[in-house]
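Below is entry.pdb, which holds PDB, C-alpha atoms, pLDDT in the B column.
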ATOM      1  CA  ARG Z1356      57.639  87.205 102.895  1.00 35.00           C
ATOM      2  CA  ARG Z1357      57.704  85.202  99.727  1.00 41.00           C
ATOM      3  CA  GLN Z1358      56.359  87.700  97.240  1.00 41.00           C
ATOM      4  CA  ALA Z1359      58.150  87.079  93.960  1.00 41.00           C
ATOM      5  CA  GLY Z1360      58.871  84.396  91.393  1.00 43.00           C
ATOM      6  CA  HIS Z1361      60.352  80.953  91.828  1.00 44.00           C
ATOM      7  CA  SER Z1362      62.948  79.403  89.502  1.00 44.00           C
ATOM      8  CA  LYS Z1363      62.075  75.716  89.022  1.00 43.00           C
ATOM      9  CA  GLU Z1364      65.310  75.071  87.170  1.00 46.00           C
ATOM     10  CA  LYS Z1365      67.692  76.235  89.908  1.00 59.00           C
ATOM     11  CA  GLY Z1366      65.430  76.297  92.931  1.00 78.00           C
ATOM     12  CA  ALA Z1367      66.391  79.891  93.763  1.00 86.00           C
ATOM     13  CA  GLN Z1368      63.609  82.099  95.059  1.00 90.00           C
ATOM     14  CA  LEU Z1369      63.319  85.880  94.915  1.00 93.00           C
ATOM     15  CA  MET Z1370      61.924  87.206  98.184  1.00 92.00           C
ATOM     16  CA  ARG Z1371      61.234  90.357 100.160  1.00 95.00           C
ATOM     17  CA  LEU Z1372      62.842  89.960 103.605  1.00 96.00           C
ATOM     18  CA  ARG Z1373      63.008  91.985 106.770  1.00 96.00           C
ATOM     19  CA  THR Z1374      66.596  93.082 107.358  1.00 96.00           C
ATOM     20  CA  ALA Z1375      66.192  91.986 110.998  1.00 95.00           C
ATOM     21  CA  ASP Z1376      65.679  88.385 109.803  1.00 96.00           C
ATOM     22  CA  ILE Z1377      69.082  88.276 108.055  1.00 96.00           C
ATOM     23  CA  TYR Z1378      72.191  87.362 110.003  1.00 94.00           C
ATOM     24  CA  GLY Z1379      75.852  86.477 109.573  1.00 89.00           C
ATOM     25  CA  GLY Z1380      77.952  86.674 106.448  1.00 86.00           C
ATOM     26  CA  MET Z1381      80.881  84.750 105.028  1.00 85.00           C
ATOM     27  CA  ILE Z1382      83.578  87.251 106.098  1.00 84.00           C
ATOM     28  CA  PRO Z1383      82.167  89.721 108.682  1.00 76.00           C
ATOM     29  CA  SER Z1384      85.506  91.565 109.061  1.00 75.00           C
ATOM     30  CA  ARG Z1385      85.255  92.921 105.497  1.00 72.00           C
ATOM     31  CA  LEU Z1386      82.995  95.758 106.666  1.00 74.00           C
ATOM     32  CA  ARG Z1387      85.078  97.027 109.578  1.00 73.00           C
ATOM     33  CA  GLU Z1388      87.110  99.570 107.625  1.00 70.00           C
ATOM     34  CA  ASP Z1389      85.002  99.995 104.492  1.00 79.00           C
ATOM     35  CA  GLU Z1390      85.030 103.726 103.774  1.00 83.00           C
ATOM     36  CA  THR Z1391      82.857 103.351 100.663  1.00 87.00           C
ATOM     37  CA  LEU Z1392      79.692 102.312 102.512  1.00 90.00           C
ATOM     38  CA  PRO Z1393      78.295 105.885 102.798  1.00 91.00           C
ATOM     39  CA  ALA Z1394      78.665 106.323  99.030  1.00 92.00           C
ATOM     40  CA  LEU Z1395      76.930 102.980  98.429  1.00 93.00           C
ATOM     41  CA  ALA Z1396      74.125 104.010 100.808  1.00 94.00           C
ATOM     42  CA  GLN Z1397      73.705 107.298  98.887  1.00 93.00           C
ATOM     43  CA  SER Z1398      73.528 105.368  95.626  1.00 93.00           C
ATOM     44  CA  ILE Z1399      70.870 102.986  96.986  1.00 95.00           C
ATOM     45  CA  ALA Z1400      68.895 105.935  98.342  1.00 94.00           C
ATOM     46  CA  ARG Z1401      68.963 107.540  94.891  1.00 92.00           C
ATOM     47  CA  HIS Z1402      68.536 104.544  92.590  1.00 92.00           C
ATOM     48  CA  GLY Z1403      67.214 101.778  94.836  1.00 94.00           C
ATOM     49  CA  LEU Z1404      68.813  98.370  95.372  1.00 94.00           C
ATOM     50  CA  LEU Z1405      69.702  97.332  91.813  1.00 92.00           C
ATOM     51  CA  GLN Z1406      70.959  93.840  92.716  1.00 93.00           C
ATOM     52  CA  PRO Z1407      69.303  91.673  95.391  1.00 95.00           C
ATOM     53  CA  ILE Z1408      71.430  90.121  98.106  1.00 95.00           C
ATOM     54  CA  VAL Z1409      71.762  86.315  98.309  1.00 95.00           C
ATOM     55  CA  VAL Z1410      70.678  84.389 101.417  1.00 96.00           C
ATOM     56  CA  GLN Z1411      70.077  80.819 102.541  1.00 95.00           C
ATOM     57  CA  GLU Z1412      67.188  79.880 104.815  1.00 93.00           C
ATOM     58  CA  ASN Z1413      67.998  78.328 108.181  1.00 92.00           C
ATOM     59  CA  PRO Z1414      65.028  76.054 109.000  1.00 90.00           C
ATOM     60  CA  ALA Z1415      66.221  75.683 112.597  1.00 90.00           C
ATOM     61  CA  ASN Z1416      65.458  79.301 113.508  1.00 90.00           C
ATOM     62  CA  GLY Z1417      63.354  80.553 110.581  1.00 90.00           C
ATOM     63  CA  ARG Z1418      65.925  83.223 109.733  1.00 94.00           C
ATOM     64  CA  TYR Z1419      68.220  83.693 106.740  1.00 95.00           C
ATOM     65  CA  MET Z1420      72.003  83.448 106.587  1.00 94.00           C
ATOM     66  CA  LEU Z1421      73.632  86.077 104.389  1.00 95.00           C
ATOM     67  CA  VAL Z1422      75.613  84.557 101.490  1.00 94.00           C
ATOM     68  CA  CYS Z1423      76.465  87.443  99.131  1.00 93.00           C
ATOM     69  CA  GLY Z1424      75.861  91.178  99.491  1.00 92.00           C
ATOM     70  CA  ALA Z1425      77.257  92.142 102.881  1.00 92.00           C
ATOM     71  CA  ARG Z1426      77.988  95.701 101.759  1.00 92.00           C
ATOM     72  CA  ARG Z1427      74.553  96.117 100.186  1.00 94.00           C
ATOM     73  CA  LEU Z1428      72.861  94.881 103.354  1.00 95.00           C
ATOM     74  CA  ALA Z1429      75.004  97.134 105.568  1.00 93.00           C
ATOM     75  CA  ALA Z1430      74.205 100.148 103.371  1.00 94.00           C
ATOM     76  CA  CYS Z1431      70.462  99.395 103.524  1.00 96.00           C
ATOM     77  CA  ARG Z1432      70.662  99.138 107.301  1.00 95.00           C
ATOM     78  CA  MET Z1433      72.571 102.424 107.345  1.00 94.00           C
ATOM     79  CA  LEU Z1434      69.608 103.972 105.535  1.00 96.00           C
ATOM     80  CA  GLY Z1435      67.208 102.480 108.074  1.00 95.00           C
ATOM     81  CA  LEU Z1436      65.459 100.247 105.512  1.00 96.00           C
ATOM     82  CA  GLU Z1437      63.424  97.523 107.175  1.00 95.00           C
ATOM     83  CA  GLU Z1438      63.000  95.306 104.093  1.00 96.00           C
ATOM     84  CA  ILE Z1439      65.284  94.233 101.274  1.00 96.00           C
ATOM     85  CA  ASP Z1440      65.098  92.169  98.081  1.00 96.00           C
ATOM     86  CA  ALA Z1441      66.900  88.840  98.399  1.00 96.00           C
ATOM     87  CA  VAL Z1442      67.461  85.637  96.455  1.00 95.00           C
ATOM     88  CA  ASN Z1443      67.130  82.522  98.636  1.00 95.00           C
ATOM     89  CA  ILE Z1444      69.253  79.608  97.396  1.00 93.00           C
ATOM     90  CA  PRO Z1445      68.518  76.014  98.441  1.00 90.00           C
ATOM     91  CA  GLY Z1446      71.057  73.635  99.952  1.00 87.00           C
ATOM     92  CA  ASP Z1447      73.346  73.489 102.967  1.00 88.00           C
ATOM     93  CA  LYS Z1448      76.118  75.760 104.244  1.00 86.00           C
ATOM     94  CA  PRO Z1449      78.852  74.291 101.964  1.00 89.00           C
ATOM     95  CA  GLU Z1450      76.590  75.155  99.034  1.00 89.00           C
ATOM     96  CA  ALA Z1451      76.329  78.740 100.337  1.00 90.00           C
ATOM     97  CA  VAL Z1452      80.105  79.047 100.813  1.00 91.00           C
ATOM     98  CA  ALA Z1453      80.668  77.740  97.275  1.00 92.00           C
ATOM     99  CA  CYS Z1454      78.194  80.346  95.943  1.00 90.00           C
ATOM    100  CA  PHE Z1455      80.056  83.125  97.788  1.00 89.00           C
ATOM    101  CA  LEU Z1456      83.457  82.013  96.472  1.00 91.00           C
ATOM    102  CA  GLU Z1457      82.206  81.644  92.887  1.00 90.00           C
ATOM    103  CA  GLU Z1458      80.568  85.074  92.958  1.00 87.00           C
ATOM    104  CA  HIS Z1459      83.782  86.760  94.078  1.00 84.00           C
ATOM    105  CA  PHE Z1460      86.074  84.688  91.852  1.00 86.00           C
ATOM    106  CA  THR Z1461      84.130  85.542  88.698  1.00 87.00           C
ATOM    107  CA  ARG Z1462      83.698  89.241  89.505  1.00 83.00           C
ATOM    108  CA  LYS Z1463      85.779  91.537  87.316  1.00 80.00           C
ATOM    109  CA  GLY Z1464      86.067  95.124  88.470  1.00 81.00           C
ATOM    110  CA  VAL Z1465      86.216  98.165  86.225  1.00 86.00           C
ATOM    111  CA  SER Z1466      89.685  99.731  85.938  1.00 91.00           C
ATOM    112  CA  PHE Z1467      90.179 103.213  87.392  1.00 94.00           C
ATOM    113  CA  LEU Z1468      90.922 104.582  83.900  1.00 95.00           C
ATOM    114  CA  GLU Z1469      87.615 103.192  82.604  1.00 95.00           C
ATOM    115  CA  GLU Z1470      85.915 104.798  85.601  1.00 94.00           C
ATOM    116  CA  ALA Z1471      87.670 108.092  84.807  1.00 95.00           C
ATOM    117  CA  ARG Z1472      86.534 108.032  81.174  1.00 95.00           C
ATOM    118  CA  LEU Z1473      82.955 107.459  82.265  1.00 94.00           C
ATOM    119  CA  LEU Z1474      83.201 110.212  84.888  1.00 94.00           C
ATOM    120  CA  SER Z1475      84.414 112.676  82.242  1.00 94.00           C
ATOM    121  CA  GLY Z1476      81.072 112.475  80.421  1.00 93.00           C
ATOM    122  CA  ASP Z1477      78.754 115.470  80.510  1.00 91.00           C
ATOM    123  CA  GLY Z1478      76.992 115.795  83.855  1.00 91.00           C
ATOM    124  CA  VAL Z1479      78.150 112.415  85.197  1.00 93.00           C
ATOM    125  CA  ALA Z1480      80.375 113.723  88.004  1.00 91.00           C
ATOM    126  CA  GLN Z1481      77.577 115.967  89.280  1.00 90.00           C
ATOM    127  CA  LYS Z1482      75.209 113.003  89.597  1.00 89.00           C
ATOM    128  CA  CYS Z1483      77.683 110.431  90.941  1.00 90.00           C
ATOM    129  CA  CYS Z1484      77.753 109.584  94.672  1.00 88.00           C
ATOM    130  CA  MET Z1485      81.484 108.811  94.597  1.00 89.00           C
ATOM    131  CA  PRO Z1486      83.445 111.072  97.013  1.00 89.00           C
ATOM    132  CA  GLU Z1487      84.673 114.221  95.264  1.00 91.00           C
ATOM    133  CA  GLY Z1488      88.307 113.532  96.114  1.00 92.00           C
ATOM    134  CA  GLU Z1489      88.131 110.083  94.526  1.00 92.00           C
ATOM    135  CA  MET Z1490      86.555 111.534  91.392  1.00 94.00           C
ATOM    136  CA  ARG Z1491      89.320 114.137  91.128  1.00 94.00           C
ATOM    137  CA  ARG Z1492      92.004 111.443  91.493  1.00 94.00           C
ATOM    138  CA  ARG Z1493      90.529 109.415  88.657  1.00 95.00           C
ATOM    139  CA  LEU Z1494      89.941 112.354  86.349  1.00 95.00           C
ATOM    140  CA  SER Z1495      93.516 113.570  86.884  1.00 95.00           C
ATOM    141  CA  MET Z1496      94.802 110.283  85.449  1.00 95.00           C
ATOM    142  CA  LEU Z1497      93.280 111.218  82.092  1.00 95.00           C
ATOM    143  CA  GLU Z1498      95.962 113.925  81.850  1.00 94.00           C
ATOM    144  CA  LEU Z1499      98.440 111.160  81.020  1.00 94.00           C
ATOM    145  CA  ASP Z1500      99.084 110.596  77.326  1.00 93.00           C
ATOM    146  CA  ALA Z1501      97.297 107.767  75.501  1.00 94.00           C
ATOM    147  CA  GLN Z1502     100.410 105.570  75.298  1.00 93.00           C
ATOM    148  CA  THR Z1503     100.992 105.728  79.048  1.00 93.00           C
ATOM    149  CA  GLN Z1504      97.326 104.986  79.717  1.00 94.00           C
ATOM    150  CA  ALA Z1505      97.589 101.955  77.433  1.00 93.00           C
ATOM    151  CA  ALA Z1506     100.748 100.805  79.279  1.00 92.00           C
ATOM    152  CA  ILE Z1507      98.967 101.173  82.639  1.00 94.00           C
ATOM    153  CA  GLU Z1508      96.018  99.075  81.476  1.00 93.00           C
ATOM    154  CA  ARG Z1509      98.248  96.513  79.775  1.00 91.00           C
ATOM    155  CA  GLY Z1510     100.294  96.099  82.955  1.00 91.00           C
ATOM    156  CA  GLY Z1511      97.258  96.074  85.263  1.00 91.00           C
ATOM    157  CA  LEU Z1512      98.650  98.901  87.445  1.00 93.00           C
ATOM    158  CA  SER Z1513      96.540 100.120  90.335  1.00 92.00           C
ATOM    159  CA  MET Z1514      95.727 103.817  90.649  1.00 93.00           C
ATOM    160  CA  GLU Z1515      98.114 104.047  93.623  1.00 92.00           C
ATOM    161  CA  GLN Z1516     100.974 102.706  91.491  1.00 91.00           C
ATOM    162  CA  ALA Z1517     100.092 104.753  88.414  1.00 92.00           C
ATOM    163  CA  GLU Z1518      99.698 108.100  90.203  1.00 91.00           C
ATOM    164  CA  TRP Z1519     103.476 108.342  90.578  1.00 88.00           C
ATOM    165  CA  LEU Z1520     103.833 108.387  86.789  1.00 91.00           C
ATOM    166  CA  LYS Z1521     102.115 111.764  86.411  1.00 89.00           C
ATOM    167  CA  GLY Z1522     105.229 113.802  87.165  1.00 83.00           C
ATOM    168  CA  VAL Z1523     107.654 111.679  85.132  1.00 87.00           C
ATOM    169  CA  GLN Z1524     109.240 113.231  82.059  1.00 85.00           C
ATOM    170  CA  PRO Z1525     109.970 112.586  79.230  1.00 86.00           C
ATOM    171  CA  GLU Z1526     107.343 110.226  77.848  1.00 87.00           C
ATOM    172  CA  ALA Z1527     109.889 107.505  77.023  1.00 86.00           C
ATOM    173  CA  ARG Z1528     111.019 107.335  80.669  1.00 85.00           C
ATOM    174  CA  ARG Z1529     107.389 107.314  81.814  1.00 88.00           C
ATOM    175  CA  LEU Z1530     106.575 104.357  79.560  1.00 90.00           C
ATOM    176  CA  GLU Z1531     109.709 102.531  80.691  1.00 87.00           C
ATOM    177  CA  ALA Z1532     108.787 103.114  84.346  1.00 88.00           C
ATOM    178  CA  ALA Z1533     105.233 101.801  83.806  1.00 90.00           C
ATOM    179  CA  GLU Z1534     106.629  98.634  82.267  1.00 88.00           C
ATOM    180  CA  ILE Z1535     109.141  98.129  85.102  1.00 88.00           C
ATOM    181  CA  ILE Z1536     106.456  98.586  87.785  1.00 90.00           C
ATOM    182  CA  ALA Z1537     104.168  96.071  86.057  1.00 90.00           C
ATOM    183  CA  GLN Z1538     106.771  93.415  85.299  1.00 87.00           C
ATOM    184  CA  ARG Z1539     108.378  93.557  88.745  1.00 86.00           C
ATOM    185  CA  GLY Z1540     105.056  93.835  90.558  1.00 87.00           C
ATOM    186  CA  LEU Z1541     106.339  96.778  92.601  1.00 88.00           C
ATOM    187  CA  THR Z1542     104.343  97.979  95.573  1.00 88.00           C
ATOM    188  CA  THR Z1543     103.165 101.594  95.697  1.00 87.00           C
ATOM    189  CA  GLU Z1544     106.125 102.541  97.921  1.00 88.00           C
ATOM    190  CA  GLN Z1545     108.614 100.733  95.673  1.00 87.00           C
ATOM    191  CA  ALA Z1546     107.164 102.509  92.640  1.00 85.00           C
ATOM    192  CA  ARG Z1547     107.585 105.852  94.419  1.00 84.00           C
ATOM    193  CA  ARG Z1548     111.236 105.106  95.260  1.00 83.00           C
ATOM    194  CA  LEU Z1549     111.935 104.017  91.703  1.00 80.00           C
ATOM    195  CA  LEU Z1550     110.490 107.210  90.228  1.00 79.00           C
ATOM    196  CA  ASP Z1551     112.251 109.379  92.803  1.00 76.00           C
ATOM    197  CA  ARG Z1552     115.584 108.125  91.412  1.00 67.00           C
ATOM    198  CA  PRO Z1553     115.778 108.879  87.678  1.00 59.00           C
ATOM    199  CA  GLU Z1554     119.202 107.213  87.407  1.00 53.00           C
ATOM    200  CA  GLU Z1555     117.732 103.884  88.573  1.00 51.00           C
ATOM    201  CA  THR Z1556     114.988 104.010  85.964  1.00 52.00           C
ATOM    202  CA  GLN Z1557     117.578 104.887  83.329  1.00 52.00           C
ATOM    203  CA  ALA Z1558     119.825 102.006  84.395  1.00 50.00           C
ATOM    204  CA  CYS Z1559     116.867  99.621  84.298  1.00 53.00           C
ATOM    205  CA  GLY Z1560     116.041 100.894  80.834  1.00 54.00           C
ATOM    206  CA  LYS Z1561     119.585 100.224  79.585  1.00 57.00           C
ATOM    207  CA  ARG Z1562     119.632  96.727  81.025  1.00 59.00           C
ATOM    208  CA  ARG Z1563     116.296  95.994  79.413  1.00 60.00           C
ATOM    209  CA  ALA Z1564     117.540  97.318  76.058  1.00 62.00           C
ATOM    210  CA  VAL Z1565     120.616  95.073  76.260  1.00 66.00           C
ATOM    211  CA  ARG Z1566     118.488  92.083  77.153  1.00 67.00           C
ATOM    212  CA  ARG Z1567     116.100  92.737  74.275  1.00 69.00           C
ATOM    213  CA  ALA Z1568     118.996  93.079  71.829  1.00 72.00           C
ATOM    214  CA  ALA Z1569     120.470  89.789  73.056  1.00 74.00           C
ATOM    215  CA  GLU Z1570     117.089  88.081  72.700  1.00 76.00           C
ATOM    216  CA  GLU Z1571     116.724  89.432  69.163  1.00 78.00           C
ATOM    217  CA  ALA Z1572     120.205  88.189  68.246  1.00 78.00           C
ATOM    218  CA  GLN Z1573     119.319  84.751  69.640  1.00 79.00           C
ATOM    219  CA  ARG Z1574     116.099  84.674  67.606  1.00 82.00           C
ATOM    220  CA  LEU Z1575     118.070  85.522  64.456  1.00 82.00           C
ATOM    221  CA  SER Z1576     120.596  82.802  65.261  1.00 78.00           C
ATOM    222  CA  ASP Z1577     117.795  80.279  65.782  1.00 82.00           C
ATOM    223  CA  ALA Z1578     116.202  81.269  62.474  1.00 83.00           C
ATOM    224  CA  LEU Z1579     119.511  80.721  60.631  1.00 81.00           C
ATOM    225  CA  ASN Z1580     119.968  77.334  62.275  1.00 80.00           C
ATOM    226  CA  ALA Z1581     116.424  76.392  61.283  1.00 83.00           C
ATOM    227  CA  GLN Z1582     117.434  77.094  57.663  1.00 81.00           C
ATOM    228  CA  GLY Z1583     120.418  74.763  57.969  1.00 77.00           C
ATOM    229  CA  ILE Z1584     122.937  77.585  58.444  1.00 78.00           C
ATOM    230  CA  PRO Z1585     124.993  76.927  61.622  1.00 76.00           C
ATOM    231  CA  ALA Z1586     125.126  80.113  63.712  1.00 76.00           C
ATOM    232  CA  CYS Z1587     125.430  81.242  67.337  1.00 75.00           C
ATOM    233  CA  ALA Z1588     125.019  84.506  69.246  1.00 73.00           C
ATOM    234  CA  SER Z1589     127.206  85.692  72.128  1.00 70.00           C
ATOM    235  CA  MET Z1590     127.863  88.726  74.341  1.00 66.00           C
ATOM    236  CA  GLN Z1591     131.470  89.642  75.106  1.00 62.00           C
ATOM    237  CA  GLY Z1592     133.527  92.230  76.985  1.00 56.00           C
ATOM    238  CA  GLN Z1593     132.613  95.075  79.315  1.00 53.00           C
ATOM    239  CA  GLY Z1594     130.294  96.653  76.780  1.00 53.00           C
ATOM    240  CA  LEU Z1595     127.744  95.043  74.512  1.00 52.00           C
ATOM    241  CA  CYS Z1596     129.184  93.017  71.681  1.00 55.00           C
ATOM    242  CA  ILE Z1597     126.712  90.725  69.980  1.00 56.00           C
ATOM    243  CA  GLN Z1598     128.103  88.503  67.247  1.00 59.00           C
ATOM    244  CA  ILE Z1599     126.513  86.005  64.944  1.00 63.00           C
ATOM    245  CA  LEU Z1600     129.217  83.559  63.934  1.00 63.00           C
ATOM    246  CA  LEU Z1601     128.677  81.592  60.734  1.00 64.00           C
ATOM    247  CA  LYS Z1602     130.749  78.497  60.045  1.00 62.00           C
ATOM    248  CA  ASN Z1603     133.062  78.823  57.065  1.00 60.00           C
ATOM    249  CA  GLU Z1604     131.032  76.834  54.583  1.00 58.00           C
ATOM    250  CA  ARG Z1605     130.054  77.506  50.994  1.00 56.00           C
ATOM    251  CA  LEU Z1606     126.462  78.653  50.911  1.00 50.00           C
ATOM    252  CA  SER Z1607     124.496  77.909  47.754  1.00 47.00           C
TER     253      SER Z1607
END
As structure tokens, please, write out the structure in this file.
Amino acid sequence: RRQAGHSKEKGAQLMRLRTADIYGGMIPSRLREDETLPALAQSIARHGLLQPIVVQENPANGRYMLVCGARRLAACRMLGLEEIDAVNIPGDKPEAVACFLEEHFTRKGVSFLEEARLLSGDGVAQKCCMPEGEMRRRLSMLELDAQTQAAIERGGLSMEQAEWLKGVQPEARRLEAAEIIAQRGLTTEQARRLLDRPEETQACGKRRAVRRAAEEAQRLSDALNAQGIPACASMQGQGLCIQILLKNERLS
């Protein structure tokens, strides 16, 4: 089984294993409703397994516990592959759990807009194993103007949240809505309800404008005080009335 190199520094060993000799996984339930496995299997069939799975040998039974790569292993089994590349890490089960957690904590996914930009390249969509409907969804997001795309990425919106922005007009309201969804952390359903009620978005926009004006007035007041000029900012009345009150002193 042990066909490849050995890392003396870390003790990890690259191996060729029978899929039948690999068992378990950190979170088995992750695969129960994974609809992307067929696409992953197609990709492995076309390009091969680009990243080995990670396992840990169990000396008690001579088999290998799966540490990282449950989806890759499931896709290889779906293809009927009997052998798979694997990295065997030394240590005990806590070491394996720590490896799994670190691998997932440090993983940073590609945003759906970055995926869409890559998909829009010549011939990419025709060669990609991603389901056609998912490709269309991503490519349709590129119809949004550059400012809205930047707001989506800045706010970290998911594709499900951002899709509701496509029908929002004018651009100013669309940008305001993207900012509200991001700052409030709205769910997909809450984002839909917000965008279905233009008056609510408009009211939110006015409140935000008032708040920004008040914050700007306070910053100006603080700057004057820092220069030794006593000042204060206040809001009064039903409408917006921001005043900066200077004490009646001779200013040199």
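The coordinates place CA of Arg1427 (chain Z) at 9.8 Å from CA of Leu1405 (chain Z).
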Check your understanding: Residues picked by the PyMOL selection byres ((chain Z and resi 1530) around 9) here, as a list of chain:residue names?
Key -> Z:Gln1502, Z:Thr1503, Z:Ala1506, Z:Ile1507, Z:Leu1520, Z:Pro1525, Z:Glu1526, Z:Ala1527, Z:Arg1528, Z:Arg1529, Z:Glu1531, Z:Ala1532, Z:Ala1533, Z:Glu1534, Z:Ile1535
Store the residues of this selection in a file with C-alpha atoms, as a tab-separated table (two decimals), keeping the file's coordinate frame.
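Final output, saved to out_36.tsv:
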chain	number	residue	atom	x	y	z
Z	1502	GLN	CA	100.41	105.57	75.30
Z	1503	THR	CA	100.99	105.73	79.05
Z	1506	ALA	CA	100.75	100.80	79.28
Z	1507	ILE	CA	98.97	101.17	82.64
Z	1520	LEU	CA	103.83	108.39	86.79
Z	1525	PRO	CA	109.97	112.59	79.23
Z	1526	GLU	CA	107.34	110.23	77.85
Z	1527	ALA	CA	109.89	107.50	77.02
Z	1528	ARG	CA	111.02	107.34	80.67
Z	1529	ARG	CA	107.39	107.31	81.81
Z	1531	GLU	CA	109.71	102.53	80.69
Z	1532	ALA	CA	108.79	103.11	84.35
Z	1533	ALA	CA	105.23	101.80	83.81
Z	1534	GLU	CA	106.63	98.63	82.27
Z	1535	ILE	CA	109.14	98.13	85.10
Check your understanding: Which distance in Å separates CA of Ile1439 (chain Z) and CA of Ala1367 (chain Z), to one decimal?
Key -> 16.2 Å
Exercise for review: Give me the residues within 12 Å of region 1539-1542 of chain Z as a list in words, counting all atoms listed in the file and dropping any in the same chain fewer than 5 places off.
Suggested key: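 Contacts, with the query itself left out: Gly1510, Gly1511, Leu1512, Ser1513, Met1514, Glu1515, Gln1516, Ala1517, Trp1519, Ala1532, Ala1533, Glu1534, Arg1547, Arg1548, Leu1549, Leu1550 and Cys1559 of chain Z.
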Review point. Just so the selection is clear, what residues does the PyMOL selection byres ((chain Z and resi 1386-1394) around 10) cover here, as a list in words?
Key: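 Evaluating the PyMOL selection byres ((chain Z and resi 1386-1394) around 10) on this file yields Ile1382, Pro1383, Ser1384, Arg1385, Leu1395, Ala1396, Gln1397, Ser1398, Ile1399, Ala1400, Ala1425, Arg1426, Arg1427, Ala1429, Ala1430, Cys1431, Met1433, Leu1434, Cys1483, Cys1484, Met1485 and Pro1486 of chain Z.
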**Study point:** Option closest in space to Gln1368 (chain Z), from Z:Gly1380, Z:Gly1464, Z:Gly1435, Z:Pro1407 [counting all atoms listed in the file]
**Key:** Z:Pro1407
Exercise for review: Using only C-alpha atoms, give me every residue within 7 Å of (89.4, 107.4, 84.1) in file coordinates, as number ranges by chain.
Suggested key: Z: 1467-1474, 1493-1494, 1496-1497
Practice item. Dump as JSON, numbers by chain all residues having an atom at most 6 Å from (122.7, 84.5, 64.3), computed in the file's coordinates with all atoms listed in the file. Key: {"Z": [1572, 1575, 1576, 1586, 1587, 1588, 1599]}
Check your understanding: If you measure from CA of Lys1463 (chain Z) to CA of Arg1401 (chain Z), what distance in Å do you get, rounded to one decimal?
Key -> 24.4 Å
Listed atoms of region 1501-1512 of chain Z boxed along x, y and z, 3 Å each side, centre and edge lengths in Å, one decimal, as JSON:
{"center_x": 98.5, "center_y": 101.9, "center_z": 81.4, "size_x": 11.0, "size_y": 17.7, "size_z": 18.1}
Check your understanding: Contacts of Ile1444 (chain Z) at 8 Å or less, counting only C-alpha atoms, minus same-chain residues fewer than 3 places along, as a ChimeraX atom specification?
Key -> /Z:1366-1368,1409-1412,1451
Practice item. Go through the shown structure with the PyMOL selection byres ((chain Z and resi 1438) around 9) and write out the matching residues as a list in words. Key: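 So the PyMOL selection byres ((chain Z and resi 1438) around 9) ends up selecting Arg1371, Leu1372, Arg1373, Thr1374, Ala1375, Cys1431, Leu1436, Glu1437, Ile1439 and Asp1440 of chain Z.
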Check your understanding: Near Val1452 (chain Z), within 10 Å and counting only C-alpha atoms, which residues show up once chain neighbours fewer than 3 positions away are dropped, as a PyMOL selection string?
Key -> chain Z and resi 1380-1381+1422-1423+1447-1449+1455-1458
